[in-house]
Amino acid sequence: MKMKKLLFLLALITTSGFSLKAQNPLLKFRINGIKDTTVHLAYYFGNKLYYSDTSRADKTGTVIFGKKKTYEPGVYAVVIPGTRYFEIVLNNEPVEMNTDTSDLNGKMVVVKSKENKLFYDYIQFINARRLESEPHREKMKTADSKSKEFEDAKAKLAQVDKKVKDHQAAMFKDNPTSLTAKIIRLSTDPEIPEPPKNADGSLKDSLFAYKYAKAHYWDHLDFSDPRLVRCPFYHNRLESYFKNMIAQVPDTMIVEADRLISKMLDNKDMFKYTVHYLTYTFESSKQMCMDAAFVHLAFKYYKTGKAFWLEEDKVKKVIDRAEELAPILCNVAVHPLSMPDTTMKWQRLYDVKAQFTILIFWDPECGHCKKEMPKFAEMYAKLKAQGVEIWAVSSDRNDKWFKFIRDNKMNFINVAIPEEVYSNQELAKEWLGKGYTDLKSLNYRTAFDIYSTPKVFLLDKDKKILAKQIDADQIEKLIEFYRNKEKK
């Protein structure tokens with residue numbers, strides 16, 4: 001098993017149900033190879049380990065947990081010096097296990113605990129089947145794919161796979177209430193039946209396997225069981241679903257997120273983990289426009305008071321961030337900026353009549369801007385006749401700005417707010433009073449979430465955002481894509 005980063009943090013994890021407080025069973029481990037050593041107990045919440053308890057092994061390597069503390073059911077790790085550990089399943093029963101530091105999993109003997117006997121028997125079975133399948137896999141790598149040798153190896157692999165599936169089926173049938181069985185079942189995919197075919201043997205639906213797998217992806221998850229969040233398999237399945245099974249499109253992600261979350265509204269632990277995971281995933285996504293999914297979750301679950309696990313100030317930060325992003329999401333019309341150009345003539349963004357408008361926020365002193373802006377100037381000379389306009393907002397209005405515009409033949413609309421407006425309130429009030437501009441135009445950095453430059457938006461004829469966080473090299477292909485889309 002791969003080592004995961006052990007976080008010794010006292011996280012505020014909300015738990016519910018399955019309490020061990022009435023029984024307080026002892027956890028006893030004898031670990032050959034250690035003595036007089038501090039040993040930690042850690043619990044999973046999703047795919048991360050968090051500190052739970054500490055005990056000390058005696059001179060025989062025996063360590064006992066549970067004398068003064070109880071533990072919620074789930075998968076735990078017994079962590080010994082050197083950041084080595086072995087995993088155990090806790091579920092309202094005493095546990096006694098023996099092992100050796102030379103091979104913590106391979107030399108594990110479960111003395112007492114039905115859950116861990118089932119768990120380690122399964123691990124040993126799977127390891128044996130992996131060894132059994134290895135020579136056949138190697139044979140398939142080297143043999144001709146049309147040879148008998150290849151087909152024989154493939155058939156033998158299928159036999160091993162059947163052994164695994166039969167073993168799993170028997171485990172699930174014989175242990176219907178076991179937490180171990182539930183955990184292992186969660187890690188398995190539903191069996192996909194043979195796809196329906198036409199009379200000539202062709203597939204009726206080439207996407208049948210994908211559609212079936214997606215429709216039955218969550219068949220093996222008990223949405224009412226909070227214990228399943230306290231094991232890594234739920235996280236792995238959740239991550240895989242949104243990375244591999246769902247189209248990476250914000251609207252699709254939003255629908256799928258809401259559909260999944262609706263199944264666990266009565267399971268506080270699972271609800272908390274899922275909402276938190278998806279919110280963070282969408283907010284930190286590099287996929288263009290995916291911040292729309294973040295904003296949706298923030299408004300639906302945080303703004304409505306459903307993020308019970310967070311303190312009020314933390315909830316406010318999530319909501320504030322969503323409100324900052326909401327006006328600049330894809331498919332949203334941007335604010336009607338109004339700023340003075342190089343001659344102090346007022347330019348209004350919505351006065352630009354073009355099929356596409358490239359809105360750029362840049363800085364004459366920004367190194368990356370110095371590389372990108374000449375590219376936009378070259379592109380503009382070619383695309384202007386094709387219905388493309390550029391509206392460029394500079395963060396500075398100074399000699400360097402004028403010189404850069406001249407030197408790089410930036411013959412598009414260049415605007416900038418004079419610095420004195422921000423120090424001279426009377427001038428700002430005059431401009432606002434005469435309707436030259438508005439507060440959002442003057443505070444464009446906040447309105448457009450400008451924390452670094454250049455920041456580029458591609459707008460349609462109605463000034464709705466088509467794309468953002470893009471560079472000059474992407475623009476032409478994007479414009480071509482949206483032109484073709486409009487034709488269809």
# chains A, B, ... in the order shown; residues from 1 in each chain; ligands from 1
$ select_by_dssp --residues "stretch 380-434 of chain A" --states "strand (DSSP E or B)" --output "number ranges by chain"
A: 388-394, 413-416
$ residues_around --residues "stretch 298-310 of chain A" --least-positions-apart "6" --cutoff "12 Å" --atoms "only C-alpha atoms" --output "ChimeraX atom specification"
/A:11-15,254,257-258,261-262,265,268-276,278-280,282-283,291-292,316-326
$ closest_residue --among "A:Thr99, A:Gly33, A:Asn198, A:Leu118" --to "A:Asp174" --atoms "only C-alpha atoms"
A:Leu118
$ closest_residue --among "A:Ile475, A:Ala467, A:Ile31, A:Val63" --to "A:Val334" --atoms "only C-alpha atoms"
A:Ala467
$ select_by_dssp --residues "stretch 159-312 of chain A" --states "alpha helix (DSSP H)" --output "NGL selection string"
:A and (159-174 or 179-186 or 208-215 or 232-240 or 250-261 or 268-283 or 291-297 or 312)
$ residues_around --residues "A:Ile413" --least-positions-apart "3" --cutoff "12 Å" --atoms "only C-alpha atoms" --output "ChimeraX atom specification"
/A:338-349,351-352,357-360,376-377,380,384,388-394,405,409-410,416
$ closest_residue --among "A:Val229, A:Val456, A:Ala447, A:Leu383" --to "A:Asn47" --atoms "only C-alpha atoms"
A:Val229
$ atom_distance --atom1 "atom CA of A:Lys68" --atom2 "atom CA of A:Leu26"
9.5 Å
